[in-house]
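Colleague: Could you have a look at this structure, given as structure tokens, before my questions?
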Amino acid sequence: MEVKTEEYAAYFDDKQQSVIMTGSMRLQNLASYEEIKNILKEGLEKSSTQLTIDLRNLNFLNSSGITTLSLFIIEARNKKSTPMKVIGSAKIAWQIKSVLNFKKLWNDITLEFPDKGPDDDLPVG
């Protein structure tokens, strides 16, 4: 499954076992993120060892989108499903706070910021 517009794209890459999101997602409400939620669920179902959610090229995600991701993480945690990793960018402001908060929702989630520089004050893991 794939969603692609002029503003953003989201899809599941079978080979990488990753949901990849790019662009700027400014959808109106939680209901508007249903297609994104379905892509996340598809990724979780198809990933055998670990689902990666790659947000490195997602420049903007509004509060409804952050809530959608948060609810998905809680649902996966409650189902004791496949382990999950979120890859974010230390260079995109919204991701620094929001992605780090995912660890509060599910302690076993892995967080990565590959572009983290020596002066970036971000925890690892």
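Chain labels follow the order of the structure tokens: the first chain is A, the next B, and so on; residue numbering restarts at 1 in every chain, and ligands are counted from 1 in their shown order.
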Assign secondary structure with DSSP using the backbone only, and return the residues of chain A in strand (DSSP E) as number ranges by chain.

Modeller: A: 2-4, 8-13, 18-25, 51-61, 84-87, 110-112

Colleague: Excluding same-chain residues fewer than 6 positions from Ala93 in chain A, what lies within 12 Å of it counting only C-alpha atoms, as a list in words?

Modeller: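 The residues that qualify are Arg56, Leu58, Asn59, Phe60, Leu61, Val99, Leu100 and Asp120 of chain A.
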
Colleague: What's around Lys46 in chain A at 9 Å? Count only C-alpha atoms, leave out sequence neighbours fewer than 5 positions away in its own chain, and write the answer as a list in words.

Modeller: Asp14, Gln17, Lys41 and Leu51 of chain A

Colleague: Please write the residues from the selection above to a file, keeping N, CA and C atoms, as a short mmCIF file (atom, residue, chain, number, x, y, z; two decimals), in the first residue's frame.

Modeller:
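Produced file selection-v7.cif, reproduced below:
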data_model
loop_
_atom_site.label_atom_id
_atom_site.label_comp_id
_atom_site.auth_asym_id
_atom_site.auth_seq_id
_atom_site.Cartn_x
_atom_site.Cartn_y
_atom_site.Cartn_z
N ASP A 14 8.81 -3.64 1.55
CA ASP A 14 8.93 -5.04 1.99
C ASP A 14 10.37 -5.44 2.24
N GLN A 17 11.61 -3.87 5.34
CA GLN A 17 10.65 -4.00 6.43
C GLN A 17 10.47 -2.65 7.13
N LYS A 41 -0.10 -0.40 9.98
CA LYS A 41 -0.59 -1.74 10.36
C LYS A 41 -0.11 -2.80 9.38
N LEU A 51 9.84 -3.91 12.74
CA LEU A 51 9.30 -2.87 11.86
C LEU A 51 10.09 -1.59 12.11
#

Colleague: Of the residues A:Pro83, A:Leu69, A:Leu55, A:Gln16, which is the one nearest to Ile96 in chain A, using only C-alpha atoms?

Modeller: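 Answer, going by the shortest atom-to-atom distance: A:Leu55.
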
Colleague: Looking at A:Phe102, A:Trp94, A:Tyr8, A:Phe72, which one is nearest to Lys37 in chain A, with distances taken over only C-alpha atoms?

Modeller: A:Phe72

Colleague: Among range 12-101 of chain A, which residues carry a DSSP assignment of alpha helix (DSSP H), reported as a ChimeraX atom specification?

Modeller: /A:34-46,63-78,93-101

Colleague: Which residues, written as an mmCIF file with C-alpha atoms, in the first residue's frame, have at least one atom at most 8 Å from Ile39 in chain A, with only C-alpha atoms counted and residues fewer than 5 positions away on the same chain left out?

Modeller:
data_model
loop_
_atom_site.group_PDB
_atom_site.id
_atom_site.type_symbol
_atom_site.label_atom_id
_atom_site.label_comp_id
_atom_site.auth_asym_id
_atom_site.auth_seq_id
_atom_site.Cartn_x
_atom_site.Cartn_y
_atom_site.Cartn_z
ATOM 1 C CA MET A 1 0.000 0.000 0.000
ATOM 2 C CA GLU A 2 1.185 3.494 -0.820
ATOM 3 C CA ALA A 10 3.989 7.066 2.860
ATOM 4 C CA TYR A 11 4.592 3.452 1.903
ATOM 5 C CA PHE A 12 5.771 0.096 3.187
ATOM 6 C CA VAL A 19 7.327 2.252 6.648
#

Colleague: Could you pull the residues within 7 Å of Ala90 in chain A, counting only C-alpha atoms, minus those fewer than 3 positions along the same chain, as an MDAnalysis selection string?

Modeller: chainID A and resid 96 113 115:116

Colleague: How many Å separate CA of Ser18 in chain A from CA of Leu30 in chain A?

Modeller: 22.1 Å

Colleague: Which is closer to Ser64 in chain A than all the others in A:Glu7, A:Thr22, A:Pro118, A:Ser32, using only C-alpha atoms?

Modeller: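 Answer, going by the shortest atom-to-atom distance: A:Ser32.
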
Colleague: Rank nothing, just name the residue among A:Ile92, A:Asp108, A:Pro114, A:Lys97 nearest to Asn57 in chain A, using only C-alpha atoms.

Modeller: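 Nearest candidate to Asn57 in chain A out of A:Ile92, A:Asp108, A:Pro114, A:Lys97: A:Ile92.
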
Colleague: Quick check, in Å to one decimal: how far apart do CA of Lys91 in chain A and CA of Gly117 in chain A lie?

Modeller: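 CA of Gly117 in chain A lies at a distance of 9.3 Å from CA of Lys91 in chain A.
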
Colleague: Find the residue from A:Ser89, A:Thr67, A:Ser81, A:Ser98 that sits nearest to Ala31 in chain A; use only C-alpha atoms when measuring.

Modeller: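 With only C-alpha atoms as the atom set, the closest residue is A:Thr67.
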